[in-house]
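Visitor: This is the structure I have questions about; it appears just below.
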Amino acid sequence: MKEAAVGVSSNEKQVAKPAGFQTADIVAFLQRNADLLLTAKLPERPGISGPAAARTTASTLRELASGMENTSPRLEDLERRLTVLEEKLFAVLLAATPDEEIVAVRAEADRELSPYRRKMPAAQIDQLQKQYLHKRLLEKYGLPRLSLFYM
């Protein structure tokens with residue numbers, strides 16, 4: 001440790017940055033995503049309400065954030081919860097977005113992936129198409145990624 005600290009001023013030795021995610025940063029991330037969800041203009045169809053799903057998800061994010069202010073959660077559990085919320089949003093977006101738009105995005109994905117089809121297994125191509133579609137839907141409706149990996 002002494003060798004690693006050679007050349008470091010005494011102020012830098014005392015102010016060591018903690019490793020990992022900080023609770024305040026996670027709370028701010030969750031609150032910011034809740035705000036973005038509430039302002040997004042999501043599609044609706046009979047029986048499928050994008051805005052209702054966004055409100056429910058935003059409410060859950062705010063609950064998670066307020067719960068973190070009192071206790072430090074297990075990040076694995078939080079990430080699982082965020083993944084479930086994001087998957088529900090994707091399901092609503094896929095169901096509420098007009099079919100023509102989804103077909104157009106899939107065609108675009110096929111064009112982008114065509115040079116690589118022979119080099120990848122079918123499962124990998126399917127996964128990339130799904131990711132491409134999700135990314136385009138998020139961009140179209142101005143939605144954030146909920147995972148802690150996007151902090």
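Residues are named by chain letter and number: chains run A, B, ... in the order of the structure tokens, numbers start at 1 in each chain, and ligands are numbered from 1 in the order shown.
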Per residue of stretch 55-95 of chain A within 10 Å of stretch 29-39 of chain A, record the nearest atom pair and its distance in Å to one decimal, counting only C-alpha atoms, with rows in chain order and ascending residue number, as a Markdown table.
Guide:
```
| residue | atom | partner | partner_atom | distance |
| --- | --- | --- | --- | --- |
| A:Arg55 | CA | A:Leu38 | CA | 6.1 |
| A:Thr56 | CA | A:Leu38 | CA | 9.5 |
| A:Thr57 | CA | A:Ala34 | CA | 7.4 |
| A:Ala58 | CA | A:Ala34 | CA | 4.2 |
| A:Ser59 | CA | A:Ala34 | CA | 7.2 |
| A:Thr60 | CA | A:Ala34 | CA | 8.4 |
| A:Leu61 | CA | A:Leu30 | CA | 5.6 |
| A:Arg62 | CA | A:Gln31 | CA | 6.0 |
| A:Glu63 | CA | A:Leu30 | CA | 9.4 |
| A:Leu64 | CA | A:Leu30 | CA | 7.7 |
| A:Ala65 | CA | A:Leu30 | CA | 6.0 |
| A:Ser66 | CA | A:Gln31 | CA | 9.2 |
| A:Leu82 | CA | A:Leu30 | CA | 9.6 |
```
Visitor: Could you give me, as a PyMOL selection string, each residue of chain A that DSSP assigns to helix (DSSP H, G or I) when run on this structure's backbone?
Guide: chain A and resi 10-14+23-39+50-68+75-96+99-119+122-141+148-150
Visitor: Atom CA of A:Leu137 to atom CA of A:Lys88: how many Å, to one decimal?
Guide: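 Going from atom CA of A:Leu137 over to atom CA of A:Lys88, I get 13.3 Å.
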Visitor: One number please: atom CA of A:Arg145 to atom CA of A:Arg111, in Å, one decimal.
Guide: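 Result for atom CA of A:Arg145 versus atom CA of A:Arg111: 24.8 Å, one decimal.
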Visitor: I need the strand (DSSP E or B) residues of chain A per DSSP on the backbone, written as a count of residues only.
Guide: 4
Visitor: For each of A:Val103, A:Ser147, A:Ala109, A:Pro115, take the minimum atom-to-atom distance to A:Lys130, counting only C-alpha atoms, then give the residue where this is smallest.
Guide: A:Ala109
Visitor: Just checking: using only C-alpha atoms, which residue out of A:Met120, A:Met151, A:Ala104, A:Leu94 ends up closest to A:Ala24?
Guide: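 Going through A:Met120, A:Met151, A:Ala104, A:Leu94 one by one, the smallest distance to A:Ala24 is for A:Met151.
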Visitor: At a cut-off of 10 Å, using only C-alpha atoms, what residues contact stretch 43-50 of chain A? Leave out same-chain residues fewer than 5 positions from it and give the result as a list in words.
Guide: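 Listing them by chain and then by number gives Arg55, Thr56, Leu89, Phe90, Ala91, Val92, Leu93, Leu94, Ala95, Ala96, Thr97, Pro98 and Tyr141 of chain A.
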Visitor: Let me see the file: selected residues, N, CA, C and O atoms, as a short mmCIF file (atom, residue, chain, number, x, y, z; two decimals), in the first residue's frame.
Guide:
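Printed below is again.cif as written:
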```cif
data_model
loop_
_atom_site.label_atom_id
_atom_site.label_comp_id
_atom_site.auth_asym_id
_atom_site.auth_seq_id
_atom_site.Cartn_x
_atom_site.Cartn_y
_atom_site.Cartn_z
N ARG A 55 -47.22 5.79 -15.14
CA ARG A 55 -47.53 6.30 -13.80
C ARG A 55 -47.26 5.25 -12.73
O ARG A 55 -46.69 5.54 -11.69
N THR A 56 -47.66 4.02 -13.00
CA THR A 56 -47.44 2.93 -12.04
C THR A 56 -45.95 2.69 -11.84
O THR A 56 -45.48 2.53 -10.71
N LEU A 89 -42.76 -2.35 -19.02
CA LEU A 89 -42.88 -1.19 -19.92
C LEU A 89 -42.72 -1.60 -21.38
O LEU A 89 -43.46 -1.14 -22.25
N PHE A 90 -41.75 -2.47 -21.65
CA PHE A 90 -41.56 -2.94 -23.03
C PHE A 90 -42.80 -3.67 -23.52
O PHE A 90 -43.20 -3.50 -24.67
N ALA A 91 -43.40 -4.48 -22.68
CA ALA A 91 -44.60 -5.22 -23.07
C ALA A 91 -45.73 -4.26 -23.44
O ALA A 91 -46.41 -4.45 -24.45
N VAL A 92 -45.91 -3.22 -22.64
CA VAL A 92 -46.95 -2.23 -22.92
C VAL A 92 -46.64 -1.48 -24.21
O VAL A 92 -47.52 -1.27 -25.04
N LEU A 93 -45.38 -1.09 -24.38
CA LEU A 93 -45.01 -0.37 -25.60
C LEU A 93 -45.23 -1.22 -26.84
O LEU A 93 -45.73 -0.73 -27.86
N LEU A 94 -44.84 -2.49 -26.77
CA LEU A 94 -45.03 -3.37 -27.91
C LEU A 94 -46.51 -3.56 -28.23
O LEU A 94 -46.91 -3.60 -29.39
N ALA A 95 -47.32 -3.67 -27.20
CA ALA A 95 -48.76 -3.89 -27.41
C ALA A 95 -49.46 -2.63 -27.90
O ALA A 95 -50.41 -2.72 -28.68
N ALA A 96 -49.00 -1.46 -27.47
CA ALA A 96 -49.70 -0.21 -27.80
C ALA A 96 -49.17 0.47 -29.07
O ALA A 96 -49.89 1.26 -29.68
N THR A 97 -47.96 0.19 -29.46
CA THR A 97 -47.39 0.81 -30.65
C THR A 97 -48.04 0.20 -31.90
O THR A 97 -48.19 -1.03 -31.97
N PRO A 98 -48.40 1.01 -32.87
CA PRO A 98 -49.00 0.48 -34.10
C PRO A 98 -48.10 -0.56 -34.77
O PRO A 98 -46.87 -0.41 -34.81
N TYR A 141 -40.18 7.20 -27.65
CA TYR A 141 -41.05 7.75 -26.61
C TYR A 141 -40.30 8.50 -25.51
O TYR A 141 -40.90 8.94 -24.55
#
```
Visitor: Suppose you want the space between atom CA of A:Leu113 and atom CA of A:Phe149; what is it in Å?
Guide: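 These two atoms are separated by 24.8 Å.
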Visitor: Quick one: everything within 10 Å of A:Lys140, counting only C-alpha atoms, minus sequence neighbours fewer than 3 positions away in the same chain. Send it as a list of chain:residue names.
Guide: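 Near A:Lys140, the qualifying residues are A:Ala40, A:Lys41, A:Leu42, A:His134, A:Lys135, A:Arg136, A:Leu137, A:Leu143.
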Visitor: Ranking A:Gly142, A:Thr23, A:Ala123, A:Glu100 by minimum distance to A:Arg74 and counting only C-alpha atoms, which one comes first?
Guide: A:Thr23
